[in-house]
file structure_18.txt (compact mmCIF, C-alpha atoms)
# COMPACT_ATOMS: atom_id res chain seq x y z
CA MET B 21 16.41 -144.36 -140.39
CA ARG B 22 17.13 -147.32 -138.23
CA ALA B 23 17.22 -147.63 -134.53
CA THR B 24 19.67 -150.51 -134.33
CA ALA B 25 22.05 -152.31 -136.64
CA GLY B 26 20.30 -154.82 -138.84
CA THR B 27 16.95 -153.06 -139.09
CA LYS B 28 16.76 -150.02 -141.25
CA PRO B 29 13.74 -148.39 -142.78
CA ALA B 30 14.14 -145.95 -145.64
CA THR B 31 14.23 -142.17 -145.18
CA GLU B 32 14.76 -139.02 -147.15
CA THR B 33 14.73 -136.62 -144.28
CA ALA B 34 16.31 -135.56 -141.06
CA SER B 35 14.44 -135.56 -137.78
CA SER B 36 12.48 -132.43 -138.55
CA ALA B 37 11.21 -130.61 -141.58
CA THR B 38 13.76 -127.83 -141.11
CA ALA B 39 16.82 -129.93 -140.35
CA GLY B 40 19.27 -129.78 -143.21
CA ALA B 41 17.11 -127.38 -145.18
CA PRO B 42 18.52 -126.82 -148.67
CA THR B 43 20.31 -123.59 -149.34
CA THR B 44 19.50 -123.37 -153.06
CA ALA B 45 17.28 -125.34 -155.37
CA PRO B 46 18.94 -127.50 -158.04
CA THR B 47 18.50 -126.06 -161.51
CA THR B 48 17.92 -129.46 -163.13
CA ALA B 49 16.29 -132.71 -162.13
CA PRO B 50 18.70 -135.24 -160.63
CA THR B 51 20.16 -138.00 -162.74
CA ILE B 52 19.64 -141.43 -161.20
CA ARG B 53 22.26 -144.00 -162.15
CA PRO B 54 23.97 -147.12 -160.82
CA VAL B 55 26.69 -146.53 -158.24
CA ARG B 56 30.22 -146.75 -159.67
CA ALA B 57 33.63 -147.37 -158.14
CA ALA B 58 34.49 -143.68 -158.62
CA ASP B 59 31.57 -142.77 -156.31
CA ARG B 60 33.20 -144.34 -153.26
CA ALA B 61 34.04 -141.11 -151.37
CA ALA B 62 30.66 -139.45 -152.03
CA TRP B 63 28.76 -142.69 -151.33
CA THR B 64 30.66 -143.12 -148.05
CA ARG B 65 29.73 -139.59 -146.92
CA LEU B 66 26.06 -140.30 -147.70
CA TRP B 67 26.14 -143.75 -146.05
CA GLU B 68 27.75 -142.33 -142.92
CA GLY B 69 25.16 -139.52 -142.83
CA TYR B 70 22.42 -142.09 -143.12
CA LEU B 71 23.83 -144.15 -140.26
CA GLU B 72 24.31 -141.03 -138.14
CA PHE B 73 20.68 -140.01 -138.73
CA TYR B 74 19.60 -143.28 -137.14
CA GLY B 75 22.25 -143.27 -134.44
CA VAL B 76 23.84 -146.47 -135.74
CA GLU B 77 27.48 -147.43 -135.72
CA LEU B 78 28.54 -150.28 -137.96
CA SER B 79 31.94 -151.87 -138.21
CA PRO B 80 34.09 -150.90 -141.20
CA ALA B 81 33.76 -154.53 -142.33
CA VAL B 82 29.98 -154.12 -142.75
CA THR B 83 30.42 -150.94 -144.80
CA GLN B 84 33.13 -152.58 -146.92
CA THR B 85 30.96 -155.64 -147.49
CA LEU B 86 28.04 -153.47 -148.58
CA TRP B 87 30.29 -151.49 -150.94
CA SER B 88 31.58 -154.75 -152.44
CA ARG B 89 28.02 -156.02 -152.90
CA LEU B 90 27.04 -152.77 -154.63
CA THR B 91 29.99 -152.73 -157.02
CA GLU B 92 30.63 -156.37 -157.87
CA PRO B 93 30.05 -157.35 -161.54
CA GLU B 94 26.71 -159.03 -160.73
CA PRO B 95 25.61 -157.05 -157.66
CA VAL B 96 23.28 -158.72 -155.17
CA VAL B 97 22.40 -155.32 -153.72
CA LEU B 98 21.58 -152.72 -156.35
CA GLY B 99 22.92 -149.28 -155.53
CA ARG B 100 21.59 -146.21 -157.27
CA VAL B 101 22.73 -142.63 -156.76
CA ALA B 102 21.10 -139.29 -157.47
CA CYS B 103 23.47 -136.77 -159.04
CA LEU B 104 23.06 -133.15 -159.97
CA GLY B 105 24.92 -131.36 -162.77
CA ASP B 106 28.41 -132.17 -161.46
CA ASP B 107 27.70 -135.95 -161.38
CA VAL B 108 28.56 -136.13 -157.66
CA PRO B 109 26.08 -138.28 -155.71
CA VAL B 110 23.76 -136.36 -153.37
CA GLY B 111 21.40 -139.24 -152.63
CA ILE B 112 21.46 -143.03 -152.45
CA VAL B 113 19.02 -145.90 -152.65
CA HIS B 114 19.81 -149.58 -152.07
CA LEU B 115 17.58 -152.29 -153.48
CA VAL B 116 17.65 -155.94 -152.41
CA PRO B 117 15.76 -158.11 -154.89
CA HIS B 118 14.86 -161.57 -153.66
CA LYS B 119 12.64 -164.61 -154.09
CA ASN B 120 9.48 -164.95 -152.06
CA THR B 121 6.79 -167.50 -151.36
CA TRP B 122 3.73 -165.58 -152.58
CA SER B 123 4.75 -164.95 -156.18
CA VAL B 124 6.65 -166.62 -158.99
CA ARG B 125 8.32 -163.26 -159.63
CA ASP B 126 11.00 -161.72 -157.45
CA ILE B 127 10.17 -158.90 -155.08
CA CYS B 128 12.41 -156.13 -153.80
CA TYR B 129 13.18 -154.67 -150.41
CA LEU B 130 14.10 -151.01 -150.69
CA GLU B 131 16.49 -151.10 -147.76
CA ASP B 132 18.08 -147.66 -147.68
CA LEU B 133 17.13 -144.26 -149.09
CA TYR B 134 18.99 -141.12 -148.06
CA VAL B 135 19.47 -137.61 -149.40
CA ALA B 136 22.21 -135.22 -148.26
CA PRO B 137 20.69 -132.75 -145.78
CA GLU B 138 21.61 -129.71 -147.88
CA GLN B 139 19.77 -131.17 -150.90
CA ARG B 140 16.48 -132.12 -149.24
CA GLY B 141 13.19 -130.62 -150.28
CA HIS B 142 13.94 -130.54 -154.01
CA GLY B 143 12.49 -133.87 -155.11
CA ILE B 144 15.67 -135.94 -154.97
CA GLY B 145 14.14 -138.53 -152.64
CA ARG B 146 11.08 -138.68 -154.88
CA ALA B 147 13.31 -139.13 -157.95
CA LEU B 148 15.19 -141.98 -156.24
CA LEU B 149 11.93 -143.67 -155.29
CA GLU B 150 10.47 -143.22 -158.78
CA ALA B 151 13.64 -144.67 -160.32
CA ALA B 152 13.50 -147.66 -157.97
CA LEU B 153 9.88 -148.33 -158.92
CA ALA B 154 10.64 -147.92 -162.64
CA GLU B 155 13.48 -150.42 -162.30
CA ALA B 156 11.16 -152.81 -160.48
CA LYS B 157 8.69 -152.63 -163.36
CA ALA B 158 11.46 -153.09 -165.94
CA ARG B 159 12.75 -156.16 -164.08
CA ASN B 160 9.22 -157.51 -163.68
CA TRP B 161 9.37 -157.68 -159.90
CA ALA B 162 6.04 -158.37 -158.24
CA ARG B 163 6.37 -155.62 -155.62
CA VAL B 164 8.69 -153.25 -153.81
CA TYR B 165 8.40 -152.72 -150.08
CA TRP B 166 10.17 -150.63 -147.47
CA MET B 167 9.78 -149.37 -143.94
CA THR B 168 10.57 -146.26 -142.01
CA GLN B 169 10.30 -145.16 -138.44
CA ARG B 170 6.78 -144.35 -137.34
CA ASP B 171 7.72 -140.78 -136.36
CA ASN B 172 9.62 -139.97 -139.58
CA ALA B 173 6.81 -137.65 -140.70
CA VAL B 174 8.66 -135.91 -143.52
CA ALA B 175 9.70 -139.16 -145.22
CA ARG B 176 6.26 -140.65 -144.61
CA LYS B 177 4.67 -137.70 -146.41
CA LEU B 178 6.72 -138.67 -149.48
CA TYR B 179 6.04 -142.40 -149.13
CA ASP B 180 2.31 -141.86 -148.70
CA ARG B 181 2.26 -140.54 -152.29
CA PHE B 182 3.43 -143.93 -153.55
CA ALA B 183 2.03 -146.60 -151.25
CA MET B 184 -0.27 -147.29 -148.36
CA VAL B 185 0.85 -148.42 -144.94
CA ASP B 186 -0.21 -152.01 -144.37
CA ASP B 187 -1.36 -153.69 -141.17
CA PHE B 188 1.65 -155.93 -140.67
CA VAL B 189 3.83 -155.71 -137.59
CA ARG B 190 7.54 -156.40 -137.93
CA TYR B 191 9.37 -158.66 -135.48
CA THR B 192 13.16 -158.80 -135.26
CA VAL B 193 15.37 -161.39 -133.59
CA ARG B 194 18.98 -160.26 -133.45
CA LEU B 195 21.23 -163.29 -133.86
CA ALA B 196 24.56 -161.58 -134.43
CA GLN B 197 26.13 -158.17 -134.99
CA GLY B 198 27.77 -157.39 -138.31
call {"tool": "encode", "arguments": {"input": "structure_18.txt", "output": "structure tokens"}}
result
Amino acid sequence: MRATAGTKPATETASSATAGAPTTAPTTAPTIRPVRAADRAAWTRLWEGYLEFYGVELSPAVTQTLWSRLTEPEPVVLGRVACLGDDVPVGIVHLVPHKNTWSVRDICYLEDLYVAPEQRGHGIGRALLEAALAEAKARNWARVYWMTQRDNAVARKLYDRFAMVDDFVRYTVRLAQG
């Protein structure tokens, strides 16, 4: 998902269409809900899988800070998880709502989206994205935006169903790690 710490586009997939292919299809649609303190172990496994997919190593302090931001009483980063029948998270999405200069309404950066490799191909990424967009509408945000790596073809196939790629080029200046 991201090539270096600090820049991370969203992804649902592994590096190829067959990587992490699901073994069995879920019998019900996933439930999307806010992350809870009890999700820590499952969320950590998903977060670490996400970082591994992009070849990124972050300090434990960064992961702990993110977890705190997701679970504080008034979270500044909104964490949502996709759960199947056993209520154990199998996918995550992180939303960062913020002010902007081109609208009086807030906008939202969908910073991370990840589905466990064994659960891919069953619409869990789509359900997470749909839930994020429904939340954006409910909160009256002006827009949601995200990025992914250019060669992440499987994730891009999903994203192309929801949005069009724009003509903007991203520039990044790394000022500090962590």
call {"tool": "atom_distance", "arguments": {"input": "structure_18.txt", "atom1": "CA of Leu115 (chain B)", "atom2": "CA of Ala152 (chain B)"}}
result
7.6 Å
call {"tool": "residues_around", "arguments": {"input": "structure_18.txt", "residues": "region 54-66 of chain B", "least_positions_apart": "6", "cutoff": "10 Å", "atoms": "all atoms listed in the file", "output": "PyMOL selection string"}}
result
chain B and resi 72+83-84+87-88+90-92+98-102+107-114+133-137
call {"tool": "write_last_selection", "arguments": {"input": "structure_18.txt", "atoms": "C-alpha atoms", "output": "PDB file, in the coordinates of the input"}}
result
ATOM      1  CA  GLU B  72      24.310-141.030-138.140  1.00  0.00           C
ATOM      2  CA  THR B  83      30.420-150.940-144.800  1.00  0.00           C
ATOM      3  CA  GLN B  84      33.130-152.580-146.920  1.00  0.00           C
ATOM      4  CA  TRP B  87      30.290-151.490-150.940  1.00  0.00           C
ATOM      5  CA  SER B  88      31.580-154.750-152.440  1.00  0.00           C
ATOM      6  CA  LEU B  90      27.040-152.770-154.630  1.00  0.00           C
ATOM      7  CA  THR B  91      29.990-152.730-157.020  1.00  0.00           C
ATOM      8  CA  GLU B  92      30.630-156.370-157.870  1.00  0.00           C
ATOM      9  CA  LEU B  98      21.580-152.720-156.350  1.00  0.00           C
ATOM     10  CA  GLY B  99      22.920-149.280-155.530  1.00  0.00           C
ATOM     11  CA  ARG B 100      21.590-146.210-157.270  1.00  0.00           C
ATOM     12  CA  VAL B 101      22.730-142.630-156.760  1.00  0.00           C
ATOM     13  CA  ALA B 102      21.100-139.290-157.470  1.00  0.00           C
ATOM     14  CA  ASP B 107      27.700-135.950-161.380  1.00  0.00           C
ATOM     15  CA  VAL B 108      28.560-136.130-157.660  1.00  0.00           C
ATOM     16  CA  PRO B 109      26.080-138.280-155.710  1.00  0.00           C
ATOM     17  CA  VAL B 110      23.760-136.360-153.370  1.00  0.00           C
ATOM     18  CA  GLY B 111      21.400-139.240-152.630  1.00  0.00           C
ATOM     19  CA  ILE B 112      21.460-143.030-152.450  1.00  0.00           C
ATOM     20  CA  VAL B 113      19.020-145.900-152.650  1.00  0.00           C
ATOM     21  CA  HIS B 114      19.810-149.580-152.070  1.00  0.00           C
ATOM     22  CA  LEU B 133      17.130-144.260-149.090  1.00  0.00           C
ATOM     23  CA  TYR B 134      18.990-141.120-148.060  1.00  0.00           C
ATOM     24  CA  VAL B 135      19.470-137.610-149.400  1.00  0.00           C
ATOM     25  CA  ALA B 136      22.210-135.220-148.260  1.00  0.00           C
ATOM     26  CA  PRO B 137      20.690-132.750-145.780  1.00  0.00           C
TER      27      PRO B 137
END
call {"tool": "atom_distance", "arguments": {"input": "structure_18.txt", "atom1": "CA of Leu148 (chain B)", "atom2": "CA of Arg89 (chain B)"}}
result
19.3 Å
call {"tool": "residues_around", "arguments": {"input": "structure_18.txt", "residues": "Ala162 (chain B)", "least_positions_apart": "5", "cutoff": "12 Å", "atoms": "all atoms listed in the file", "output": "PDB file with C-alpha atoms, in the coordinates of the input"}}
result
ATOM      1  CA  PRO B 117      15.760-158.110-154.890  1.00  0.00           C
ATOM      2  CA  HIS B 118      14.860-161.570-153.660  1.00  0.00           C
ATOM      3  CA  LYS B 119      12.640-164.610-154.090  1.00  0.00           C
ATOM      4  CA  ASN B 120       9.480-164.950-152.060  1.00  0.00           C
ATOM      5  CA  THR B 121       6.790-167.500-151.360  1.00  0.00           C
ATOM      6  CA  TRP B 122       3.730-165.580-152.580  1.00  0.00           C
ATOM      7  CA  SER B 123       4.750-164.950-156.180  1.00  0.00           C
ATOM      8  CA  VAL B 124       6.650-166.620-158.990  1.00  0.00           C
ATOM      9  CA  ARG B 125       8.320-163.260-159.630  1.00  0.00           C
ATOM     10  CA  ASP B 126      11.000-161.720-157.450  1.00  0.00           C
ATOM     11  CA  ILE B 127      10.170-158.900-155.080  1.00  0.00           C
ATOM     12  CA  CYS B 128      12.410-156.130-153.800  1.00  0.00           C
ATOM     13  CA  TYR B 129      13.180-154.670-150.410  1.00  0.00           C
ATOM     14  CA  LEU B 153       9.880-148.330-158.920  1.00  0.00           C
ATOM     15  CA  GLU B 155      13.480-150.420-162.300  1.00  0.00           C
ATOM     16  CA  ALA B 156      11.160-152.810-160.480  1.00  0.00           C
ATOM     17  CA  LYS B 157       8.690-152.630-163.360  1.00  0.00           C
TER      18      LYS B 157
END
call {"tool": "atom_distance", "arguments": {"input": "structure_18.txt", "atom1": "CA of Val185 (chain B)", "atom2": "CA of Val97 (chain B)"}}
result
24.3 Å
call {"tool": "closest_residue", "arguments": {"input": "structure_18.txt", "among": "B:Gln139, B:Leu149, B:Leu86, B:Gly75", "to": "Tyr165 (chain B)", "atoms": "all atoms listed in the file"}}
result
B:Leu149
